[in-house]
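See below for the structure under consideration.
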Amino acid sequence: MASSSLLKTSPVVLDKTEFVKGQSLRQSPVSVVRCHPAAPSALTVRASSYADELVKTAKTIASPGRGILAMDESNATCGKRLASIGLENTEANRQAFRTLLVSVPGLGEYISGAILFEETLYQSTVEGKKMVDVLVEQNIVPGIKVDKGLVPLAGSNNESWCQGLDGLASRSASYYQQGARFAKWRTVVSIPNGPSALAVKEAAWGLARYAAISQDNGLVPIVEPEILLDGEHNIDRTFEVAKQVWAEVFFYLAQNNVMFEGILLKPSMVTPGAECKDRATPQQVADYTLNLLRQRIPPAVPGIMAIFVWWTI
């Protein structure tokens with residue numbers, strides 16, 4: 001794995017518009033050239049004070065043979081699960097439901113991290129033990145959903161953006177104090193609606209800001225630009241959009257001084273649109289997805305996660 005010190009060696013950050021092929025620099029004629037000491041660059045990458053811990057946390061979550069448990073259902077969604085078996089949506093019932101999840105015998109053999117809803121992070125089990133402590137005792141890293149949901153993106157083609165950056169630093173610091181060690185932020189890109197350059201940039205920039213803020217407060221960010229399945233497009237169209245999105249994401253992660261060794265990725269599988277008549281085989285989906293990862297993901301990233309665990313009552 002590449003060392004985080006590699007990130008510190010670049011003295012300048014280039015804008016994408018400066019990557020122009022076939023141009024040479026013009027020089028004005030001068031008679032005397034005077035050299036002066038260069039001022040220290042203000043664009044150096046500063047390592048987070050949590051750098052070593054972030055790397056350790058990311059490696060723990062990405063440990064072989066284990067995955068992430070997504071139990072970050074909101075209180076409203078949890079209420080739907082409870083209603084399906086005739087239970088009222090009360091804090092006591094949500095507590096009992098979540099206690100059942102975290103206390104499964106041998107859970108830590110298969111689960112390396114658990115994404116929690118905010119209420120769960122501060123909750124105790126029915127026996128009075130903190131949910132976070134129950135997870136840590138099983139070598140499961142507690143995480144927290146930090147975004148505030150999708151809202152319409154003004155000026156776009158009926159696309160969305162993910163809100164939640166306001167107050168994220170203070171919330172992340174509180175989550176860390178409560179025992180969380182990684183964070184989840186979900187944004188989406190819609191192929192049928194474009195995607196527009198505005199929507200792709202907004203998704204990438206939002207993820208980068210969230211990642212930088214999370215690392216500054218000791219949380220490993222899961223970077224997740226979800227390519228929605230809706231649409232009639234074929235698998236090649238999904239592949240091209242995914243390449244564009246991930247290129248933007250890593251460009252802005254670098255612009256925001258995010259340490260790649262302290263992040264985790266959750267990419268979408270490269271598939272045809274849900275309404276596409278030309279279906280892809282599992283082997284094709286695997287080939288396209290791996291090709292995307294090879295072309296776009298830096299080797300410094302310690303883990304690429306797929307969250308497949310779903311809980312229902």
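Each chain in the structure tokens gets a letter, A, B, ..., in the order shown, and its residues are numbered from 1; ligands are numbered from 1 in order too.
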I want to know what sits within 7 Å of range 152-158 of chain A, based on only C-alpha atoms, with residues of the same chain fewer than 5 positions away left out; could you give that as number ranges by chain? A: 193, 196, 198-199
Convert the current residue selection to file output with N, CA, C and O atoms, as a tab-separated table (two decimals), in the first residue's frame.
```tsv
chain	number	residue	atom	x	y	z
A	193	ASN	N	-31.58	11.16	-16.48
A	193	ASN	CA	-31.68	12.61	-16.38
A	193	ASN	C	-30.42	13.33	-16.85
A	193	ASN	O	-30.25	14.52	-16.63
A	196	SER	N	-26.24	15.53	-15.81
A	196	SER	CA	-25.69	16.83	-16.17
A	196	SER	C	-24.32	17.01	-15.52
A	196	SER	O	-24.03	16.41	-14.49
A	198	LEU	N	-23.41	19.56	-13.98
A	198	LEU	CA	-23.67	20.18	-12.68
A	198	LEU	C	-23.92	19.12	-11.62
A	198	LEU	O	-23.36	19.18	-10.51
A	199	ALA	N	-24.74	18.13	-11.94
A	199	ALA	CA	-25.08	17.10	-10.96
A	199	ALA	C	-23.86	16.24	-10.61
A	199	ALA	O	-23.66	15.87	-9.45
```
Taking only range 52-220 of chain A into account, list the residues labelled strand (DSSP E or B) by DSSP (computed from the backbone), as a PyMOL selection string. chain A and resi 67-71+111-116+124+130+141-145+150-152+160-162+182-189+220
Keeping only N, CA, C and O atoms, write the selected residues as a compact mmCIF listing (two decimals), in the first residue's frame.
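This went into result_32.txt:
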```
# COMPACT_ATOMS: atom_id res chain seq x y z
N GLY A 67 -17.88 -8.19 6.22
CA GLY A 67 -18.52 -7.09 5.50
C GLY A 67 -19.19 -6.12 6.45
O GLY A 67 -19.07 -6.23 7.68
N ILE A 68 -19.91 -5.18 5.88
CA ILE A 68 -20.55 -4.12 6.66
C ILE A 68 -22.04 -4.41 6.82
O ILE A 68 -22.73 -4.74 5.85
N LEU A 69 -22.53 -4.27 8.03
CA LEU A 69 -23.96 -4.40 8.33
C LEU A 69 -24.60 -3.02 8.25
O LEU A 69 -24.22 -2.11 8.99
N ALA A 70 -25.55 -2.86 7.34
CA ALA A 70 -26.27 -1.59 7.23
C ALA A 70 -27.52 -1.66 8.09
O ALA A 70 -28.53 -2.26 7.72
N MET A 71 -27.46 -1.08 9.28
CA MET A 71 -28.62 -1.02 10.18
C MET A 71 -28.92 0.43 10.54
O MET A 71 -29.24 0.76 11.68
N ILE A 111 -19.07 -9.80 10.33
CA ILE A 111 -19.32 -8.36 10.20
C ILE A 111 -18.14 -7.58 10.77
O ILE A 111 -17.73 -7.80 11.92
N SER A 112 -17.60 -6.66 9.99
CA SER A 112 -16.46 -5.85 10.44
C SER A 112 -16.87 -4.44 10.85
O SER A 112 -16.15 -3.77 11.60
N GLY A 113 -17.99 -3.97 10.34
CA GLY A 113 -18.47 -2.62 10.66
C GLY A 113 -19.98 -2.58 10.62
O GLY A 113 -20.61 -3.32 9.86
N ALA A 114 -20.57 -1.72 11.43
CA ALA A 114 -22.02 -1.58 11.46
C ALA A 114 -22.38 -0.10 11.34
O ALA A 114 -21.93 0.72 12.14
N ILE A 115 -23.18 0.22 10.31
CA ILE A 115 -23.63 1.60 10.12
C ILE A 115 -24.87 1.82 10.96
O ILE A 115 -25.87 1.11 10.81
N LEU A 116 -24.82 2.79 11.86
CA LEU A 116 -25.91 3.03 12.79
C LEU A 116 -26.67 4.30 12.45
O LEU A 116 -26.11 5.23 11.85
N SER A 124 -28.75 2.39 24.36
CA SER A 124 -28.28 1.20 25.06
C SER A 124 -29.19 0.02 24.72
O SER A 124 -30.31 0.20 24.24
N LYS A 130 -24.31 -0.14 26.38
CA LYS A 130 -24.28 0.70 25.19
C LYS A 130 -24.17 -0.16 23.93
O LYS A 130 -23.38 -1.11 23.88
N VAL A 141 -16.54 -2.43 14.09
CA VAL A 141 -16.33 -0.98 14.17
C VAL A 141 -17.69 -0.28 14.02
O VAL A 141 -18.39 -0.48 13.02
N PRO A 142 -18.06 0.57 14.96
CA PRO A 142 -19.32 1.31 14.83
C PRO A 142 -19.17 2.47 13.84
O PRO A 142 -18.17 3.18 13.83
N GLY A 143 -20.19 2.64 13.01
CA GLY A 143 -20.21 3.75 12.06
C GLY A 143 -21.51 4.52 12.17
O GLY A 143 -22.43 4.12 12.90
N ILE A 144 -21.62 5.60 11.42
CA ILE A 144 -22.78 6.48 11.54
C ILE A 144 -23.15 7.09 10.19
O ILE A 144 -22.27 7.50 9.43
N LYS A 145 -24.42 7.10 9.90
CA LYS A 145 -24.92 7.77 8.70
C LYS A 145 -24.96 9.27 9.00
O LYS A 145 -25.58 9.69 9.98
N LEU A 150 -31.54 13.41 0.20
CA LEU A 150 -31.50 14.02 -1.13
C LEU A 150 -32.58 15.07 -1.29
O LEU A 150 -33.71 14.89 -0.81
N VAL A 151 -32.23 16.15 -1.97
CA VAL A 151 -33.19 17.21 -2.28
C VAL A 151 -32.98 17.63 -3.74
O VAL A 151 -31.91 17.37 -4.32
N PRO A 152 -33.98 18.26 -4.37
CA PRO A 152 -33.82 18.68 -5.76
C PRO A 152 -32.65 19.64 -5.95
O PRO A 152 -32.41 20.52 -5.13
N SER A 160 -30.80 15.42 -8.28
CA SER A 160 -30.76 15.64 -6.83
C SER A 160 -29.35 15.94 -6.35
O SER A 160 -28.37 15.67 -7.04
N TRP A 161 -29.28 16.50 -5.15
CA TRP A 161 -28.01 16.63 -4.47
C TRP A 161 -28.21 16.23 -3.02
O TRP A 161 -29.34 16.24 -2.50
N CYS A 162 -27.12 15.87 -2.34
CA CYS A 162 -27.20 15.37 -0.98
C CYS A 162 -26.85 16.48 0.01
O CYS A 162 -25.79 17.11 -0.10
N PHE A 182 -16.36 5.39 11.71
CA PHE A 182 -16.47 5.61 10.27
C PHE A 182 -17.83 6.22 9.97
O PHE A 182 -18.73 6.25 10.83
N ALA A 183 -17.95 6.76 8.76
CA ALA A 183 -19.16 7.49 8.39
C ALA A 183 -19.64 7.07 7.01
O ALA A 183 -18.87 6.58 6.18
N LYS A 184 -20.93 7.27 6.78
CA LYS A 184 -21.54 6.94 5.50
C LYS A 184 -22.29 8.17 4.99
O LYS A 184 -23.01 8.83 5.74
N TRP A 185 -22.13 8.44 3.70
CA TRP A 185 -22.79 9.57 3.03
C TRP A 185 -23.19 9.09 1.64
O TRP A 185 -22.35 8.70 0.85
N ARG A 186 -24.47 9.08 1.35
CA ARG A 186 -24.94 8.55 0.08
C ARG A 186 -25.43 9.68 -0.82
O ARG A 186 -26.33 10.45 -0.46
N THR A 187 -24.84 9.78 -2.00
CA THR A 187 -25.33 10.69 -3.02
C THR A 187 -25.59 9.87 -4.28
O THR A 187 -25.08 8.75 -4.40
N VAL A 188 -26.38 10.41 -5.19
CA VAL A 188 -26.77 9.61 -6.35
C VAL A 188 -26.56 10.39 -7.65
O VAL A 188 -26.56 11.63 -7.66
N VAL A 189 -26.40 9.62 -8.73
CA VAL A 189 -26.32 10.17 -10.08
C VAL A 189 -27.31 9.41 -10.94
O VAL A 189 -27.34 8.18 -10.93
N VAL A 220 -13.48 7.46 9.37
CA VAL A 220 -13.16 6.97 8.03
C VAL A 220 -14.40 7.14 7.15
O VAL A 220 -15.46 6.59 7.46
```
Using only C-alpha atoms, can you tell me which of A:Leu290, A:Ala300, A:Val223, A:Ala208 comes closest to Tyr252 in chain A?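 Nearest candidate to Tyr252 in chain A out of A:Leu290, A:Ala300, A:Val223, A:Ala208: A:Ala208.
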Just list as a PyMOL selection string whatever in range 25-158 of chain A DSSP marks as helix (DSSP H, G or I). chain A and resi 51-61+75-83+91-102+107-109+118-121+131-137
Residues as selected, N, CA and C atoms, written as a CSV table (one decimal), in the first residue's frame, can you do that?
```
chain,number,residue,atom,x,y,z
A,51,ALA,N,-4.4,10.5,11.4
A,51,ALA,CA,-4.0,9.7,10.2
A,51,ALA,C,-3.7,8.2,10.5
A,52,ASP,N,-2.9,7.9,11.6
A,52,ASP,CA,-2.6,6.5,11.8
A,52,ASP,C,-3.9,5.8,12.2
A,53,GLU,N,-4.7,6.4,13.0
A,53,GLU,CA,-6.0,5.7,13.4
A,53,GLU,C,-6.9,5.5,12.3
A,54,LEU,N,-7.0,6.4,11.3
A,54,LEU,CA,-7.8,6.3,10.2
A,54,LEU,C,-7.4,5.1,9.3
A,55,VAL,N,-6.1,5.0,9.1
A,55,VAL,CA,-5.6,3.8,8.3
A,55,VAL,C,-5.9,2.5,9.0
A,56,LYS,N,-5.7,2.5,10.3
A,56,LYS,CA,-6.0,1.2,11.1
A,56,LYS,C,-7.5,0.9,11.0
A,57,THR,N,-8.3,1.9,11.2
A,57,THR,CA,-9.8,1.6,11.1
A,57,THR,C,-10.2,1.1,9.8
A,58,ALA,N,-9.7,1.7,8.7
A,58,ALA,CA,-10.0,1.3,7.3
A,58,ALA,C,-9.6,-0.1,7.1
A,59,LYS,N,-8.4,-0.5,7.5
A,59,LYS,CA,-7.9,-1.8,7.3
A,59,LYS,C,-8.8,-2.9,8.1
A,60,THR,N,-9.2,-2.5,9.3
A,60,THR,CA,-10.0,-3.4,10.1
A,60,THR,C,-11.4,-3.6,9.4
A,61,ILE,N,-12.0,-2.6,8.9
A,61,ILE,CA,-13.3,-2.7,8.3
A,61,ILE,C,-13.1,-3.6,7.0
A,75,ASN,N,-35.9,6.2,12.1
A,75,ASN,CA,-37.0,5.8,12.9
A,75,ASN,C,-38.3,5.6,12.2
A,76,ALA,N,-38.5,6.4,11.1
A,76,ALA,CA,-39.7,6.2,10.3
A,76,ALA,C,-39.7,4.8,9.6
A,77,THR,N,-38.5,4.5,9.0
A,77,THR,CA,-38.4,3.2,8.3
A,77,THR,C,-38.5,2.1,9.3
A,78,CYS,N,-37.9,2.2,10.4
A,78,CYS,CA,-37.9,1.2,11.4
A,78,CYS,C,-39.4,1.0,11.8
A,79,GLY,N,-40.1,2.0,11.9
A,79,GLY,CA,-41.6,1.9,12.2
A,79,GLY,C,-42.3,1.1,11.3
A,80,LYS,N,-42.0,1.1,10.0
A,80,LYS,CA,-42.7,0.3,9.0
A,80,LYS,C,-42.4,-1.2,9.2
A,81,ARG,N,-41.1,-1.5,9.6
A,81,ARG,CA,-40.8,-2.9,9.9
A,81,ARG,C,-41.6,-3.3,11.1
A,82,LEU,N,-41.7,-2.5,12.1
A,82,LEU,CA,-42.4,-2.9,13.3
A,82,LEU,C,-43.9,-3.0,13.1
A,83,ALA,N,-44.5,-2.1,12.2
A,83,ALA,CA,-45.9,-2.2,11.9
A,83,ALA,C,-46.2,-3.5,11.2
A,91,GLU,N,-39.7,4.2,21.0
A,91,GLU,CA,-38.3,4.0,21.2
A,91,GLU,C,-38.0,2.7,21.9
A,92,ALA,N,-38.8,2.2,22.8
A,92,ALA,CA,-38.6,0.9,23.4
A,92,ALA,C,-38.6,-0.2,22.4
A,93,ASN,N,-39.5,-0.2,21.5
A,93,ASN,CA,-39.6,-1.3,20.5
A,93,ASN,C,-38.4,-1.2,19.5
A,94,ARG,N,-38.0,0.1,19.2
A,94,ARG,CA,-36.8,0.2,18.3
A,94,ARG,C,-35.6,-0.3,19.0
A,95,GLN,N,-35.5,0.0,20.3
A,95,GLN,CA,-34.4,-0.4,21.1
A,95,GLN,C,-34.3,-2.0,21.1
A,96,ALA,N,-35.5,-2.6,21.3
A,96,ALA,CA,-35.5,-4.1,21.4
A,96,ALA,C,-35.1,-4.7,20.0
A,97,PHE,N,-35.6,-4.1,18.9
A,97,PHE,CA,-35.2,-4.5,17.6
A,97,PHE,C,-33.7,-4.4,17.4
A,98,ARG,N,-33.1,-3.3,17.7
A,98,ARG,CA,-31.7,-3.1,17.5
A,98,ARG,C,-30.8,-3.9,18.4
A,99,THR,N,-31.3,-4.2,19.6
A,99,THR,CA,-30.6,-5.1,20.5
A,99,THR,C,-30.5,-6.5,19.9
A,100,LEU,N,-31.6,-6.9,19.3
A,100,LEU,CA,-31.6,-8.2,18.6
A,100,LEU,C,-30.5,-8.3,17.6
A,101,LEU,N,-30.3,-7.2,16.8
A,101,LEU,CA,-29.4,-7.2,15.7
A,101,LEU,C,-27.9,-7.3,16.3
A,102,VAL,N,-27.6,-6.4,17.2
A,102,VAL,CA,-26.2,-6.3,17.6
A,102,VAL,C,-25.8,-7.5,18.5
A,107,LEU,N,-21.6,-12.7,15.6
A,107,LEU,CA,-21.8,-11.6,14.5
A,107,LEU,C,-20.4,-11.1,14.1
A,108,GLY,N,-19.4,-11.0,15.0
A,108,GLY,CA,-18.1,-10.4,14.6
A,108,GLY,C,-17.3,-11.3,13.7
A,109,GLU,N,-17.7,-12.6,13.5
A,109,GLU,CA,-17.0,-13.4,12.6
A,109,GLU,C,-17.2,-13.0,11.2
A,118,GLU,N,-28.5,7.7,14.0
A,118,GLU,CA,-28.0,8.5,15.1
A,118,GLU,C,-28.6,8.1,16.5
A,119,GLU,N,-29.9,7.8,16.5
A,119,GLU,CA,-30.5,7.3,17.7
A,119,GLU,C,-29.8,6.1,18.3
A,120,THR,N,-29.5,5.2,17.4
A,120,THR,CA,-28.8,3.9,17.8
A,120,THR,C,-27.5,4.2,18.4
A,121,LEU,N,-26.7,5.1,17.9
A,121,LEU,CA,-25.4,5.4,18.4
A,121,LEU,C,-25.4,5.8,19.8
A,131,MET,N,-25.0,0.2,22.9
A,131,MET,CA,-24.9,-0.5,21.6
A,131,MET,C,-23.5,-0.5,21.1
A,132,VAL,N,-22.8,0.6,21.2
A,132,VAL,CA,-21.5,0.7,20.7
A,132,VAL,C,-20.5,-0.2,21.3
A,133,ASP,N,-20.7,-0.4,22.7
A,133,ASP,CA,-19.8,-1.3,23.4
A,133,ASP,C,-20.0,-2.7,23.0
A,134,VAL,N,-21.3,-3.1,22.8
A,134,VAL,CA,-21.6,-4.5,22.4
A,134,VAL,C,-20.9,-4.8,21.0
A,135,LEU,N,-20.9,-3.8,20.1
A,135,LEU,CA,-20.3,-4.0,18.8
A,135,LEU,C,-18.7,-4.1,19.0
A,136,VAL,N,-18.1,-3.2,19.7
A,136,VAL,CA,-16.7,-3.2,19.9
A,136,VAL,C,-16.2,-4.5,20.5
A,137,GLU,N,-16.9,-5.0,21.4
A,137,GLU,CA,-16.5,-6.3,22.1
A,137,GLU,C,-16.4,-7.4,21.1
```
Work out how far apart CA of Met269 in chain A and CA of Tyr210 in chain A are and give it in Å to one decimal. 22.6 Å
